[in-house]
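Structure first, commentary second.
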Amino acid sequence: MFSRKKILVFSLIAMSLLAFKQVDDYFEISKNLEIFSMVYKTVNSDYVDDVNPGDLMKKGIDAMLASLDPYTVYYNESQAEDAMIQQSGEYGGIGCTSRKIGEYVTIMSIRKGLPADLAGMRIGDKIVEINGKNFVGKDDDDVHQALKGAPNSTASITVDRDGKSLQLQVERQEIKIKNVTYFGVIGNDVGYIRLDHFMMGAGAEVKEALVNLKKQGIKSVVLDLRDNGGGLLHEAVNIVNTFIDNDKLVVVSKGRSSDAYREYKTLNSVTDPTIPLVVLVNDRSASASEIVCGAIQDFDRGVIIGRNTFGKGLVQNVKPLGYRTQMKVTIAKYYIPSGRCIQLLDYGKRDANGKPSIMPDSLRKKFKTKNGRTVLDGGGVKPDLIVELNKAPSILESLENSFIIYDFANAFRAKNEKIDLNTFNVDDAIFEDFKKFASTKTFTHLNASENALKALKDRLKSDNYDKGLQLEIDQLEKGLNKLKMAEMDTYKKEIISKLRVEIARRFFYEEAVFLISFKHDPDVLKAVDILNNQPEYRTILNIK
């Protein structure tokens with residue numbers, strides 16, 4: 001009896017303390033909201049320069065959320081619309097991507113058969129005007145918003161192409177961004193599926209691609225998740241369901257709130273539970289990609305090949321806030337079938353510089369796959385077979401970052417109406433043309449040397465010695481350019497490979513990237529090798 005009374009007393013005390021804490025929390029929230037409101041009003045009314053109230057509030061919110069994790073973000077009205085597109089994959093537009101280069105927003109890719117393509121737009125076109133409004137000097141977001149619109153509406157677009165002004169009439173359509181951007185047979189009865197997004201319908205697209213490939217007689221398949229940063233969680237479950245039976249637990253989410261606890265199981269009949277499978281990943285495969293490859297690994301359903309994945313084991317939920325704004329907030333961590341969470345960074349624990357802590361290897365826990373293989377938590381998904389890539393030569397990175405390869409491909413397209421993809425190669429003549437083209441462009445490669453020369457030129461000019469030493473300065477510049485050209489010869493093979501892909505994109509869209517790269521992509525070559533060696537495949541997965 002006494003014990004029951006003690007329990008009752010302790011329970012009442014605990015409830016009282018909890019109630020006091022809640023009251024205290026509410027007071028702190030109310031107090032700080034009032035302080036924030038007073039600061040906001042004071043800046044708007046008293047600050048020496050005019051301020052934009054919307055921009056000021058957006059920056060304040062962004063700064064507050066930045067102290068949490070990079071995935072908890074606030075969307076204003078226009079950003080909320082873009083966020084919806086990222087989930088649905090549907091919008092009214094013209095079917096191209098762009099990027100600001102210098103003063104112009106420039107077309108970077110065009111989707112075959114969509115309005116931009118049908119109107120004759122090309123990669124490399126510089127946006128000058130849209131519907132009579134000048135867009136030179138504008139940001140990519142400004143152009144993006146102007147190009148979007150109701151299906152069947154027309155946009156009059158003036159572009160600069162190779163110095164010539166062209167006016168194009170583009171009729172907008174309802175654009176559906178594809179999740180599966182390519183699928184095909186890559187030799188020896190091996191199918192290949194490239195998944196770039198986890199938007200609505202991703203699972204159905206993967207299933208459709210697999211069914212189509214099986215009709216073409218494939219006996220094994222590669223699912224490519226490299227550079228796929230994730231998306232909708234339920235689509236990840238649907239994709240796993242393509243290869244794994246129904247009613248299997250794929251992922252569990254656990255958060256501070258009991259409402260955040262959810263179990264996600266496969267719900268549909270499996271498309272093919274036995275076809276040999278390889279999943280390709282790299283350090284930019286994250287979130288939903290890691291759920292798919294992690295589940296495939298935990299069920300021992302396929303071999304994971306590539307590099308360690310990003311390590312994002314967090315779940316976000318999008319909440320409407322009013323005035324057509326939204327907030328995406330991290331609500332839980334997710335755990336894949338073996339029970340492990342693959343989250344790499346701990347945003348709740350930061351060092352003196354504000355960087356989140358990384359779980360040390362010594363603290364990573366061991367888990368078991370279905371067939372008894374050991375896997376670890378806390379650091380992304382480690383592939384079953386790691387493929388080490390050779391680092392791209394710095395001269396190639398410099399040429400790409402300076403858009404010289406991009407510009408040369410545009411110039412090549414301007415002079416050639418067509419090429420044969422099966423026979424086209426960048427021969428010595430084209431490579432020499434490229435070197436001459438690059439020699440006329442300014443690009444930084446020998447960073448330290450070029451910076452030192454620039455500093456010397458500036459100092460000589462300030463001391464009025466520059467004219468007397470102009471000949472010597474010219475010789476030094478010529479010498480550095482000669483070194484650049486020599487380095488191009490050293491890495492001729494790597495540069496030619498990139499040139500061939502970039503030129504082919506001008507004629508055959510993004511499909512050219514896949515058709516050309518299969519022959520020398522080390523991840524794909526390793527995947528095909530493993531799928532064609534079933535004894536090794538079964539040994540890796542510990543299949544008896």
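How things are named: the first chain in the structure tokens is A, the next is B, and so on; residues count from 1 in each chain; ligands count from 1 in the order shown.
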- Message: Which residues are near segment 70-74 of chain A? Cut-off 7 Å, only C-alpha atoms, ignore same chain within fewer than 3 positions. Put them as number ranges by chain.
- Response: A: 62, 65-66, 326-330
Please write the residues from the selection above to a file, keeping N, CA and C atoms, as a short mmCIF file (atom, residue, chain, number, x, y, z; two decimals), in the first residue's frame.
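New file out_9.cif:
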data_model
loop_
_atom_site.label_atom_id
_atom_site.label_comp_id
_atom_site.auth_asym_id
_atom_site.auth_seq_id
_atom_site.Cartn_x
_atom_site.Cartn_y
_atom_site.Cartn_z
N ASP A 62 16.23 32.07 -42.53
CA ASP A 62 17.28 31.20 -43.05
C ASP A 62 18.43 31.06 -42.06
N LEU A 65 17.34 28.72 -39.18
CA LEU A 65 17.29 27.31 -39.56
C LEU A 65 18.67 26.75 -39.88
N ALA A 66 19.60 27.63 -40.27
CA ALA A 66 20.95 27.17 -40.59
C ALA A 66 21.66 26.60 -39.37
N GLN A 326 6.00 27.52 -47.44
CA GLN A 326 6.15 26.18 -46.88
C GLN A 326 7.43 26.09 -46.08
N MET A 327 7.50 25.04 -45.29
CA MET A 327 8.73 24.73 -44.57
C MET A 327 8.99 23.24 -44.64
N LYS A 328 10.20 22.90 -45.01
CA LYS A 328 10.62 21.50 -44.99
C LYS A 328 11.42 21.29 -43.71
N VAL A 329 10.98 20.38 -42.88
CA VAL A 329 11.59 20.22 -41.56
C VAL A 329 11.98 18.75 -41.33
N THR A 330 13.16 18.55 -40.77
CA THR A 330 13.62 17.20 -40.43
C THR A 330 12.84 16.71 -39.22
#
- Message: Need to verify the contact set: Thr181 of chain A, 6 Å, only C-alpha atoms, exclusion of same-chain residues closer than 2 positions in sequence. Can you return it as a ChimeraX atom specification?
- Response: /A:178-179,194
- A:Ile275, A:Gly60, A:Val143, A:Ala155 ranked by distance to Leu213 of chain A, top pick (using only C-alpha atoms):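 So, comparing all the options, the nearest one is A:Ile275.
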- Message: Set the distance at 7 Å and use only C-alpha atoms: which residues neighbour Met485 of chain A once local chain neighbours fewer than 4 positions away are removed? I'd like the list as a list of chain:residue names.
- Response: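 The residues satisfying every condition are A:Lys435, A:Asn481, A:Asp489.
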Serialized selection, C-alpha atoms, as a compact mmCIF listing (two decimals), in the first residue's frame:
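Written out: selection38.txt:
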# COMPACT_ATOMS: atom_id res chain seq x y z
CA LYS A 435 43.94 23.54 -78.82
CA ASN A 481 50.36 29.42 -72.26
CA ASP A 489 49.02 16.98 -75.07
- Message: Quick check, in Å to one decimal: how far apart do atom CA of Ser357 of chain A and atom CA of Lys312 of chain A lie?
- Response: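 Answer for the atom CA of Ser357 of chain A to atom CA of Lys312 of chain A separation: 13.7 Å.
Of the listed residues (A:Ser78, A:Phe27, A:Ile177, A:Asp162), A:Ser78 comes nearest to His144 of chain A; the distances count only C-alpha atoms.
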- Apply DSSP to the structure's backbone, then extract all residues of segment 48-108 of chain A labelled helix (DSSP H, G or I) and return them as number ranges by chain. A: 53-66, 77-88
- Query: Which one is closest to Val426 of chain A: A:Lys493, A:Lys138, A:Lys319, A:Lys391? Count only C-alpha atoms.
  - Reply: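 Looking only at the distances to Val426 of chain A, the closest residue turns out to be A:Lys493.
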- Near-Arg161 of chain A list (12 Å; only C-alpha atoms; drop same-chain fewer than 3 positions) as a ChimeraX atom specification: /A:104,106-107,120-128,158,164-168,407,410-411,413-414
Atoms to include: C-alpha atoms. Write the selected residues as a PDB file, in the first residue's frame.
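Okay, this is what ended up in out-v1.pdb:
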ATOM      1  CA  TYR A 104      23.918  35.690 -70.048  1.00  0.00           C
ATOM      2  CA  THR A 106      22.732  30.123 -71.289  1.00  0.00           C
ATOM      3  CA  ILE A 107      20.969  26.916 -72.343  1.00  0.00           C
ATOM      4  CA  GLY A 120      14.914  24.991 -82.784  1.00  0.00           C
ATOM      5  CA  MET A 121      16.611  26.055 -79.567  1.00  0.00           C
ATOM      6  CA  ARG A 122      20.160  24.740 -79.072  1.00  0.00           C
ATOM      7  CA  ILE A 123      22.602  24.155 -76.250  1.00  0.00           C
ATOM      8  CA  GLY A 124      24.719  27.299 -76.005  1.00  0.00           C
ATOM      9  CA  ASP A 125      21.961  29.754 -76.916  1.00  0.00           C
ATOM     10  CA  LYS A 126      22.198  32.891 -74.769  1.00  0.00           C
ATOM     11  CA  ILE A 127      18.897  34.305 -73.540  1.00  0.00           C
ATOM     12  CA  VAL A 128      18.575  37.973 -74.507  1.00  0.00           C
ATOM     13  CA  THR A 158      15.339  36.165 -78.445  1.00  0.00           C
ATOM     14  CA  LYS A 164      23.677  36.315 -84.328  1.00  0.00           C
ATOM     15  CA  SER A 165      20.284  37.320 -82.927  1.00  0.00           C
ATOM     16  CA  LEU A 166      17.456  34.808 -83.400  1.00  0.00           C
ATOM     17  CA  GLN A 167      13.830  35.094 -82.334  1.00  0.00           C
ATOM     18  CA  LEU A 168      12.086  31.823 -81.491  1.00  0.00           C
ATOM     19  CA  ASP A 407      32.056  26.576 -75.989  1.00  0.00           C
ATOM     20  CA  ASN A 410      28.844  24.824 -79.503  1.00  0.00           C
ATOM     21  CA  ALA A 411      31.218  26.133 -82.193  1.00  0.00           C
ATOM     22  CA  ARG A 413      27.761  22.290 -83.837  1.00  0.00           C
ATOM     23  CA  ALA A 414      27.503  25.626 -85.628  1.00  0.00           C
TER      24      ALA A 414
END
- Item | Nearby residues (only C-alpha atoms) at most 9 Å from Val278 of chain A, same-chain spacing under 3 positions excluded, as JSON, numbers by chain | {"A": [220, 221, 222, 223, 224, 301, 302, 303, 304, 305, 527, 528, 530, 531]}
- Message: Quick check for you: according to DSSP on this backbone, which residues of segment 23-90 of chain A are classed as strand (DSSP E)? Reply as a ChimeraX atom specification.
- Response: /A:73-75,90
For those residues, write N, CA, C and O atoms to a file as a compact mmCIF listing (two decimals), in the first residue's frame.
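Dumped everything to again.txt:
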# COMPACT_ATOMS: atom_id res chain seq x y z
N VAL A 73 14.45 23.84 -44.14
CA VAL A 73 14.50 25.09 -44.89
C VAL A 73 13.10 25.70 -45.03
O VAL A 73 12.08 25.00 -44.97
N TYR A 74 13.09 27.02 -45.22
CA TYR A 74 11.85 27.77 -45.44
C TYR A 74 11.75 28.14 -46.91
O TYR A 74 12.73 28.56 -47.53
N TYR A 75 10.56 27.95 -47.50
CA TYR A 75 10.33 28.30 -48.90
C TYR A 75 9.36 29.48 -48.97
O TYR A 75 8.24 29.39 -48.45
N GLU A 90 6.15 17.83 -62.47
CA GLU A 90 5.30 18.40 -63.52
C GLU A 90 5.26 19.92 -63.42
O GLU A 90 5.16 20.48 -62.33
